[in-house]
Structure formats: structure tokens, C-alpha cells
file start.txt (compact mmCIF, C-alpha atoms)
# COMPACT_ATOMS: atom_id res chain seq x y z
CA MET E 916 19.46 25.01 -56.22
CA THR E 917 16.37 23.28 -57.50
CA ARG E 918 18.27 19.99 -57.41
CA LYS E 919 18.92 20.42 -53.68
CA ILE E 920 15.27 21.18 -53.03
CA PHE E 921 14.15 18.12 -55.00
CA ALA E 922 16.74 15.99 -53.18
CA LEU E 923 15.53 17.17 -49.77
CA LEU E 924 11.84 16.87 -50.61
CA PRO E 925 11.64 13.04 -50.25
CA LEU E 926 13.45 13.20 -46.92
CA LEU E 927 11.08 15.89 -45.74
CA LEU E 928 8.04 13.87 -46.81
CA ILE E 929 9.34 10.71 -45.08
CA GLY E 930 9.93 12.66 -41.87
CA MET E 931 6.45 14.15 -41.96
CA LEU E 932 4.86 10.73 -42.54
CA ALA E 933 6.82 9.22 -39.64
CA MET E 934 5.70 12.02 -37.33
CA ALA E 935 2.09 11.64 -38.43
CA GLN E 936 2.13 7.90 -37.66
CA THR E 937 3.63 8.25 -34.16
CA GLY E 938 1.26 11.09 -33.36
CA SER E 939 -1.82 9.05 -34.27
CA ASP E 940 -0.55 6.01 -32.34
CA GLN E 941 0.01 8.01 -29.15
CA LYS E 942 -3.38 9.71 -29.10
CA LEU E 943 -5.82 7.66 -27.05
CA THR E 944 -9.44 8.46 -26.58
CA LYS E 945 -10.83 9.12 -23.12
CA ALA E 946 -12.51 5.73 -23.11
CA GLU E 947 -9.24 3.98 -23.99
CA LYS E 948 -7.38 5.86 -21.25
CA LYS E 949 -10.08 4.97 -18.74
CA ALA E 950 -9.97 1.31 -19.77
CA LEU E 951 -6.17 1.29 -19.45
CA ARG E 952 -6.35 2.82 -15.96
CA GLU E 953 -9.02 0.32 -14.94
CA GLU E 954 -6.88 -2.55 -16.24
CA LYS E 955 -3.86 -1.36 -14.21
CA ARG E 956 -6.04 -0.92 -11.12
CA GLU E 957 -7.44 -4.45 -11.44
CA ALA E 958 -3.96 -5.96 -11.92
CA ASN E 959 -2.61 -4.12 -8.86
CA LEU E 960 -5.62 -5.16 -6.78
CA LYS E 961 -5.04 -8.80 -7.76
CA LYS E 962 -1.41 -8.56 -6.56
CA ILE E 963 -2.52 -7.04 -3.26
CA LEU E 964 -5.26 -9.65 -2.80
CA LYS E 965 -2.69 -12.39 -3.41
CA VAL E 966 -0.43 -11.26 -0.51
CA VAL E 967 -3.45 -10.65 1.75
CA GLU E 968 -4.83 -14.12 1.07
CA ALA E 969 -1.37 -15.64 1.63
CA LYS E 970 -1.23 -13.82 5.01
CA GLU E 971 2.23 -12.46 4.25
CA PHE E 972 2.17 -8.68 4.22
CA VAL E 973 3.36 -5.57 6.02
CA VAL E 974 1.67 -2.19 6.20
CA GLU E 975 4.45 0.38 6.53
CA ALA E 976 2.85 3.37 8.24
CA HIS E 977 3.79 6.94 7.34
CA THR E 978 1.09 8.68 9.43
CA PHE E 979 -0.19 8.08 12.96
CA ILE E 980 -3.63 9.43 13.91
CA ASP E 981 -4.68 9.40 17.56
CA ARG E 982 -8.25 9.00 18.84
CA ARG E 983 -8.82 12.79 18.73
CA GLY E 984 -7.78 13.04 15.08
CA LEU E 985 -4.28 14.49 15.62
CA SER E 986 -2.15 13.44 12.65
CA ILE E 987 1.60 12.89 13.14
CA PRO E 988 4.09 11.91 10.39
CA ILE E 989 6.11 8.84 11.44
CA ASN E 990 8.94 6.69 10.13
CA PRO E 991 7.61 3.77 7.99
CA THR E 992 10.63 1.62 8.85
CA LEU E 993 9.76 1.69 12.56
CA ASN E 994 5.95 1.83 12.47
CA PHE E 995 4.09 -1.06 10.94
CA VAL E 996 1.52 -3.81 11.18
CA ALA E 997 2.65 -7.19 9.89
CA ILE E 998 0.85 -10.49 9.37
CA GLU E 999 2.81 -13.64 8.63
CA GLU E 1000 0.72 -16.81 8.51
CA ASP E 1001 -0.91 -17.06 11.97
CA GLU E 1002 1.32 -14.47 13.68
CA GLY E 1003 0.85 -10.72 13.80
CA ILE E 1004 2.97 -7.76 14.94
CA ILE E 1005 1.96 -4.19 15.76
CA GLN E 1006 4.76 -1.69 16.31
CA LEU E 1007 4.46 1.97 17.19
CA ALA E 1008 7.73 3.87 17.65
CA PHE E 1009 8.20 7.62 17.78
CA GLY E 1010 11.98 7.39 18.23
CA ASN E 1011 12.09 9.90 21.10
CA GLY E 1012 13.64 7.87 23.87
CA PRO E 1013 14.08 4.22 24.74
CA GLY E 1014 10.40 3.26 25.25
CA LEU E 1015 9.25 -0.28 25.94
CA ASN E 1016 10.60 -1.60 22.64
CA GLY E 1017 13.92 0.28 22.65
CA LEU E 1018 12.68 2.56 19.85
CA GLY E 1019 10.51 5.01 21.78
CA GLY E 1020 7.26 3.11 21.59
CA ILE E 1021 5.69 -0.30 21.94
CA THR E 1022 5.86 -3.57 20.00
CA THR E 1023 3.44 -6.42 20.49
CA ASP E 1024 3.01 -9.70 18.71
CA GLY E 1025 0.49 -12.46 18.98
CA LYS E 1026 -1.63 -15.11 17.34
CA VAL E 1027 -4.20 -14.33 14.66
CA LEU E 1028 -7.59 -15.50 15.93
CA LYS E 1029 -9.83 -14.06 13.19
CA TYR E 1030 -9.01 -13.24 9.57
CA GLU E 1031 -11.80 -12.08 7.25
CA ILE E 1032 -11.28 -10.66 3.76
CA THR E 1033 -14.06 -8.70 2.05
CA GLU E 1034 -13.64 -7.57 -1.54
CA LYS E 1035 -15.12 -4.16 -2.25
CA LYS E 1036 -15.69 -2.33 -5.53
CA LYS E 1037 -12.46 -0.32 -5.32
CA GLY E 1038 -10.41 -2.23 -2.78
CA ILE E 1039 -10.25 -4.76 0.03
CA ALA E 1040 -11.48 -4.68 3.62
CA LEU E 1041 -9.69 -6.96 6.07
CA THR E 1042 -10.63 -7.69 9.68
CA VAL E 1043 -8.02 -9.30 11.91
CA ARG E 1044 -8.30 -10.18 15.59
CA LEU E 1045 -4.91 -10.54 17.19
CA PHE E 1046 -4.35 -11.91 20.69
CA GLY E 1047 -1.07 -10.44 21.88
CA SER E 1048 0.91 -9.95 25.03
CA ALA E 1049 0.74 -6.15 25.39
CA PHE E 1050 -2.83 -5.30 24.39
CA GLY E 1051 -4.65 -8.61 24.86
CA ALA E 1052 -7.33 -9.07 22.19
CA THR E 1053 -6.88 -6.41 19.53
CA ASP E 1054 -9.01 -5.75 16.47
CA ILE E 1055 -7.17 -4.55 13.38
CA LEU E 1056 -9.36 -3.16 10.61
CA LEU E 1057 -7.61 -2.60 7.28
CA ASP E 1058 -9.08 -0.66 4.37
CA ILE E 1059 -6.87 -1.20 1.31
CA ASN E 1060 -7.40 0.57 -2.01
CA ALA E 1061 -6.15 -0.58 -5.42
CA SER E 1062 -3.01 1.57 -5.32
CA GLY E 1063 -1.89 -0.07 -2.05
CA ASN E 1064 -2.69 2.84 0.24
CA THR E 1065 -4.00 1.41 3.48
CA SER E 1066 -5.78 2.74 6.54
CA VAL E 1067 -5.28 0.53 9.61
CA LYS E 1068 -7.48 1.05 12.68
CA VAL E 1069 -6.19 -0.62 15.81
CA ILE E 1070 -8.72 -1.06 18.63
CA THR E 1071 -7.56 -2.68 21.85
CA LEU E 1072 -9.69 -4.48 24.43
CA ASN E 1073 -9.07 -1.80 27.06
CA GLY E 1074 -10.36 0.99 24.81
CA GLY E 1075 -7.12 2.11 23.19
CA ARG E 1076 -7.60 3.26 19.62
CA PHE E 1077 -5.35 4.68 16.94
CA THR E 1078 -5.02 4.67 13.16
CA PHE E 1079 -2.05 4.12 10.87
CA ASN E 1080 -2.02 5.29 7.25
CA GLY E 1081 0.55 3.67 5.01
CA THR E 1082 1.20 1.33 2.12
CA ILE E 1083 0.89 -2.43 1.96
CA THR E 1084 3.73 -4.57 0.63
CA GLY E 1085 4.72 -8.20 0.69
CA ILE E 1086 7.04 -9.30 3.48
CA GLU E 1087 9.92 -9.80 1.03
CA GLN E 1088 9.70 -6.19 -0.22
CA SER E 1089 9.41 -4.69 3.25
CA SER E 1090 12.24 -2.91 5.04
CA VAL E 1091 10.90 -2.63 8.59
CA PHE E 1092 12.96 -2.86 11.78
CA GLN E 1093 11.37 -4.65 14.72
CA GLY E 1094 12.06 -3.56 18.28
CA THR E 1095 11.90 -5.61 21.46
CA THR E 1096 8.55 -7.30 21.99
CA ILE E 1097 6.73 -7.05 25.32
CA TYR E 1098 6.10 -10.36 27.09

call {"tool": "encode", "arguments": {"input": "start.txt", "output": "C-alpha cells"}}
result
Amino acid sequence: MTRKIFALLPLLLIGMLAMAQTGSDQKLTKAEKKALREEKREANLKKILKVVEAKEFVVEAHTFIDRRGLSIPINPTLNFVAIEEDEGIIQLAFGNGPGLNGLGGITTDGKVLKYEITEKKKGIALTVRLFGSAFGATDILLDINASGNTSVKVITLNGGRFTFNGTITGIEQSSVFQGTTIY
């Protein structure tokens, strides 16, 4: 019996040492965790800034907010704002009837007249002026945080105003469906 105990003792000690090493490696201090989070945030913000500077991104909207503050969940595949080089597209589609774009809403595209990027402490602010067929001159104000969550305010020349909340992605990663554009 004592032989079995002495035979198992080295195995038991090796197991305890292995557990002690993995436990000490996995424990990070609060400062280390904060630094790791900050590093991830900075890396993600650099990726987002790269697609914004390249003018090749899509904001897939999951929430529509009207001028009175009414919030409506919407389909991100059908509701988006896209910028590709010097062209821009705004699509709003509720999917409840044919609408002007065939999807129950409106789609407009146009030329980008103004494109200003401002880096903030925890994100990016982007101002775009789009001259399109449906709304005329339209200001698009994007507030992008480091995780990619984006608030898009669309203000038309005739006083129309609404907000999209969604996530920003590169054009290649996007899965949006564009309806018929108004000319």
C-alpha cells in the first residue's frame, strides 16, 4: 500500500505544479487587462480608419430613429449608407409594400461633394455631403466608435432628418441588397 502511495506521489506533485503554473499565467492584473483592452481598441480603430480613409465602407443599419425620437428596428441588409470612392448611396426600406425602390422605401445615390474625417479620443467623426437625385444636397454625419458601432444622421436640404444606428464594415464584408434608385 505504501508503495502505491509513493508511486502516485510524484504524479500528484507534477500535476499540482502544472496547475500552479497555468493559474499564475492566466491571472492578469487590472492594469494589464486595461492595457490589453486599449490595445485591441486601438487596433480596431486603425482598421476602421483605414476603410474610412479609403472611402470604401458600408454602414449596415439595425435601428431607424425618426426626427421625434421614435426608434424602429430594421433589416441591416436593406437599410444602409454606403460610400465607394466618390459615390454614395442611402437606402431606407421598411419592406412593407413596393415603395419607390421596390423594397418599401427609398434609395438615392449621388456624388460625394465633401468628405471630412476627424479623429476623436474614442472614435472617428465623419462629415459627408452627398448630392443625389432624390434628396438633393444631403449631409451625412457619422459618429463611429472603436468597436464599429456607428450613428448616422442624415439631414436633407428640404428639412428631412433621420438617424440610422448600425455597424460599419468594408464593402467586401458587406451583405446589403440595393433597391431601385430614383432618378

call {"tool": "atom_distance", "arguments": {"input": "start.txt", "atom1": "CA of Gly1025 (chain E)", "atom2": "CA of Asp1001 (chain E)"}}
result
8.5 Å

call {"tool": "residues_near_point", "arguments": {"input": "start.txt", "point": "(4.4, 7.9, 16.1)", "cutoff": "6 Å", "atoms": "all atoms listed in the file", "output": "PyMOL selection string"}}
result
chain E and resi 979+989+1008-1009

call {"tool": "closest_residue", "arguments": {"input": "start.txt", "among": "E:Val966, E:Leu1057, E:Ala1052, E:Val1069", "to": "Ile980 (chain E)", "atoms": "all atoms listed in the file"}}
result
E:Val1069

call {"tool": "closest_residue", "arguments": {"input": "start.txt", "among": "E:Ile963, E:Leu993, E:Ala950, E:Ala969", "to": "Ser1090 (chain E)", "atoms": "only C-alpha atoms"}}
result
E:Leu993

call {"tool": "atom_distance", "arguments": {"input": "start.txt", "atom1": "CA of Lys965 (chain E)", "atom2": "CA of Ile1032 (chain E)"}}
result
11.3 Å

call {"tool": "closest_residue", "arguments": {"input": "start.txt", "among": "E:Ile1055, E:Leu960, E:Val1091, E:Ala946", "to": "Phe995 (chain E)", "atoms": "all atoms listed in the file"}}
result
E:Val1091

call {"tool": "residues_around", "arguments": {"input": "start.txt", "residues": "Ile1070 (chain E)", "least_positions_apart": "2", "cutoff": "9 Å", "atoms": "only C-alpha atoms", "output": "list in words"}}
result
Ala1052, Thr1053, Asp1054, Ile1055, Leu1056, Lys1068, Leu1072, Asn1073, Gly1074, Gly1075, Arg1076, Phe1077 and Thr1078 of chain E

call {"tool": "closest_residue", "arguments": {"input": "start.txt", "among": "E:Glu1034, E:Asp1024, E:Asp1058, E:Glu975", "to": "Gly1085 (chain E)", "atoms": "all atoms listed in the file"}}
result
E:Glu975

call {"tool": "residues_around", "arguments": {"input": "start.txt", "residues": "region 1014-1020 of chain E", "least_positions_apart": "2", "cutoff": "8 Å", "atoms": "all atoms listed in the file", "output": "number ranges by chain"}}
result
E: 993, 1006-1012, 1022, 1094-1097

call {"tool": "closest_residue", "arguments": {"input": "start.txt", "among": "E:Lys970, E:Lys942, E:His977, E:Lys948", "to": "Tyr1030 (chain E)", "atoms": "only C-alpha atoms"}}
result
E:Lys970

call {"tool": "residues_near_point", "arguments": {"input": "start.txt", "point": "(-3.1, -17.9, 22.3)", "cutoff": "8 Å", "atoms": "only C-alpha atoms", "output": "list in words"}}
result
Gly1025, Lys1026, Phe1046 and Gly1047 of chain E

call {"tool": "write_last_selection", "arguments": {"input": "start.txt", "atoms": "C-alpha atoms", "output": "PDB file, in the frame of the given file"}}
result
ATOM      1  CA  GLY E1025       0.490 -12.460  18.980  1.00  0.00           C
ATOM      2  CA  LYS E1026      -1.630 -15.110  17.340  1.00  0.00           C
ATOM      3  CA  PHE E1046      -4.350 -11.910  20.690  1.00  0.00           C
ATOM      4  CA  GLY E1047      -1.070 -10.440  21.880  1.00  0.00           C
TER       5      GLY E1047
END

call {"tool": "decode", "arguments": {"input": "start.txt", "residues": "region 960-987 of chain E", "atoms": "N, CA and C atoms", "output": "mmCIF file, in the first residue's frame"}}
result
data_model
loop_
_atom_site.group_PDB
_atom_site.id
_atom_site.type_symbol
_atom_site.label_atom_id
_atom_site.label_comp_id
_atom_site.auth_asym_id
_atom_site.auth_seq_id
_atom_site.Cartn_x
_atom_site.Cartn_y
_atom_site.Cartn_z
ATOM 1 N N LEU E 960 -9.732 50.433 -34.181
ATOM 2 C CA LEU E 960 -9.923 51.796 -34.673
ATOM 3 C C LEU E 960 -9.056 52.059 -35.900
ATOM 4 N N LYS E 961 -7.848 51.492 -35.927
ATOM 5 C CA LYS E 961 -6.972 51.643 -37.098
ATOM 6 C C LYS E 961 -7.580 50.968 -38.327
ATOM 7 N N LYS E 962 -8.185 49.785 -38.133
ATOM 8 C CA LYS E 962 -8.845 49.085 -39.246
ATOM 9 C C LYS E 962 -10.005 49.915 -39.787
ATOM 10 N N ILE E 963 -10.793 50.464 -38.863
ATOM 11 C CA ILE E 963 -11.947 51.279 -39.274
ATOM 12 C C ILE E 963 -11.476 52.533 -39.991
ATOM 13 N N LEU E 964 -10.459 53.194 -39.467
ATOM 14 C CA LEU E 964 -9.928 54.402 -40.087
ATOM 15 C C LEU E 964 -9.400 54.111 -41.492
ATOM 16 N N LYS E 965 -8.836 52.935 -41.672
ATOM 17 C CA LYS E 965 -8.308 52.547 -42.987
ATOM 18 C C LYS E 965 -9.423 52.485 -44.038
ATOM 19 N N VAL E 966 -10.567 51.846 -43.715
ATOM 20 C CA VAL E 966 -11.664 51.773 -44.696
ATOM 21 C C VAL E 966 -12.341 53.123 -44.881
ATOM 22 N N VAL E 967 -12.369 53.953 -43.826
ATOM 23 C CA VAL E 967 -12.970 55.284 -43.955
ATOM 24 C C VAL E 967 -12.092 56.169 -44.837
ATOM 25 N N GLU E 968 -10.787 56.111 -44.635
ATOM 26 C CA GLU E 968 -9.886 56.903 -45.466
ATOM 27 C C GLU E 968 -9.880 56.425 -46.913
ATOM 28 N N ALA E 969 -10.063 55.131 -47.127
ATOM 29 C CA ALA E 969 -10.110 54.580 -48.487
ATOM 30 C C ALA E 969 -11.439 54.876 -49.173
ATOM 31 N N LYS E 970 -12.417 55.392 -48.418
ATOM 32 C CA LYS E 970 -13.765 55.680 -48.937
ATOM 33 C C LYS E 970 -14.410 54.426 -49.517
ATOM 34 N N GLU E 971 -14.318 53.325 -48.784
ATOM 35 C CA GLU E 971 -14.924 52.070 -49.218
ATOM 36 C C GLU E 971 -15.539 51.366 -48.027
ATOM 37 N N PHE E 972 -16.715 51.847 -47.611
ATOM 38 C CA PHE E 972 -17.364 51.262 -46.439
ATOM 39 C C PHE E 972 -18.879 51.299 -46.585
ATOM 40 N N VAL E 973 -19.512 50.486 -45.750
ATOM 41 C CA VAL E 973 -20.968 50.423 -45.662
ATOM 42 C C VAL E 973 -21.340 50.434 -44.183
ATOM 43 N N VAL E 974 -22.333 51.234 -43.841
ATOM 44 C CA VAL E 974 -22.910 51.191 -42.501
ATOM 45 C C VAL E 974 -24.228 50.450 -42.631
ATOM 46 N N GLU E 975 -24.274 49.237 -42.102
ATOM 47 C CA GLU E 975 -25.487 48.421 -42.129
ATOM 48 C C GLU E 975 -26.317 48.789 -40.907
ATOM 49 N N ALA E 976 -27.472 49.378 -41.146
ATOM 50 C CA ALA E 976 -28.288 49.930 -40.063
ATOM 51 C C ALA E 976 -29.228 48.881 -39.484
ATOM 52 N N HIS E 977 -29.276 48.809 -38.163
ATOM 53 C CA HIS E 977 -30.199 47.902 -37.487
ATOM 54 C C HIS E 977 -31.309 48.654 -36.759
ATOM 55 N N THR E 978 -31.192 49.992 -36.650
ATOM 56 C CA THR E 978 -32.205 50.803 -35.989
ATOM 57 C C THR E 978 -32.418 52.094 -36.769
ATOM 58 N N PHE E 979 -33.668 52.462 -36.959
ATOM 59 C CA PHE E 979 -34.050 53.725 -37.583
ATOM 60 C C PHE E 979 -34.678 54.602 -36.507
ATOM 61 N N ILE E 980 -34.246 55.857 -36.428
ATOM 62 C CA ILE E 980 -34.800 56.793 -35.454
ATOM 63 C C ILE E 980 -35.312 58.006 -36.222
ATOM 64 N N ASP E 981 -36.608 58.303 -36.086
ATOM 65 C CA ASP E 981 -37.161 59.450 -36.806
ATOM 66 C C ASP E 981 -36.866 60.748 -36.059
ATOM 67 N N ARG E 982 -37.313 61.871 -36.614
ATOM 68 C CA ARG E 982 -36.977 63.176 -36.033
ATOM 69 C C ARG E 982 -37.602 63.402 -34.661
ATOM 70 N N ARG E 983 -38.618 62.624 -34.288
ATOM 71 C CA ARG E 983 -39.236 62.760 -32.972
ATOM 72 C C ARG E 983 -38.634 61.809 -31.934
ATOM 73 N N GLY E 984 -37.700 60.973 -32.372
ATOM 74 C CA GLY E 984 -37.026 60.062 -31.454
ATOM 75 C C GLY E 984 -37.607 58.664 -31.420
ATOM 76 N N LEU E 985 -38.603 58.373 -32.275
ATOM 77 C CA LEU E 985 -39.184 57.038 -32.338
ATOM 78 C C LEU E 985 -38.164 56.076 -32.939
ATOM 79 N N SER E 986 -37.867 55.007 -32.221
ATOM 80 C CA SER E 986 -36.865 54.037 -32.626
ATOM 81 C C SER E 986 -37.549 52.788 -33.177
ATOM 82 N N ILE E 987 -37.140 52.366 -34.384
ATOM 83 C CA ILE E 987 -37.744 51.212 -35.050
ATOM 84 C C ILE E 987 -36.625 50.251 -35.473
#
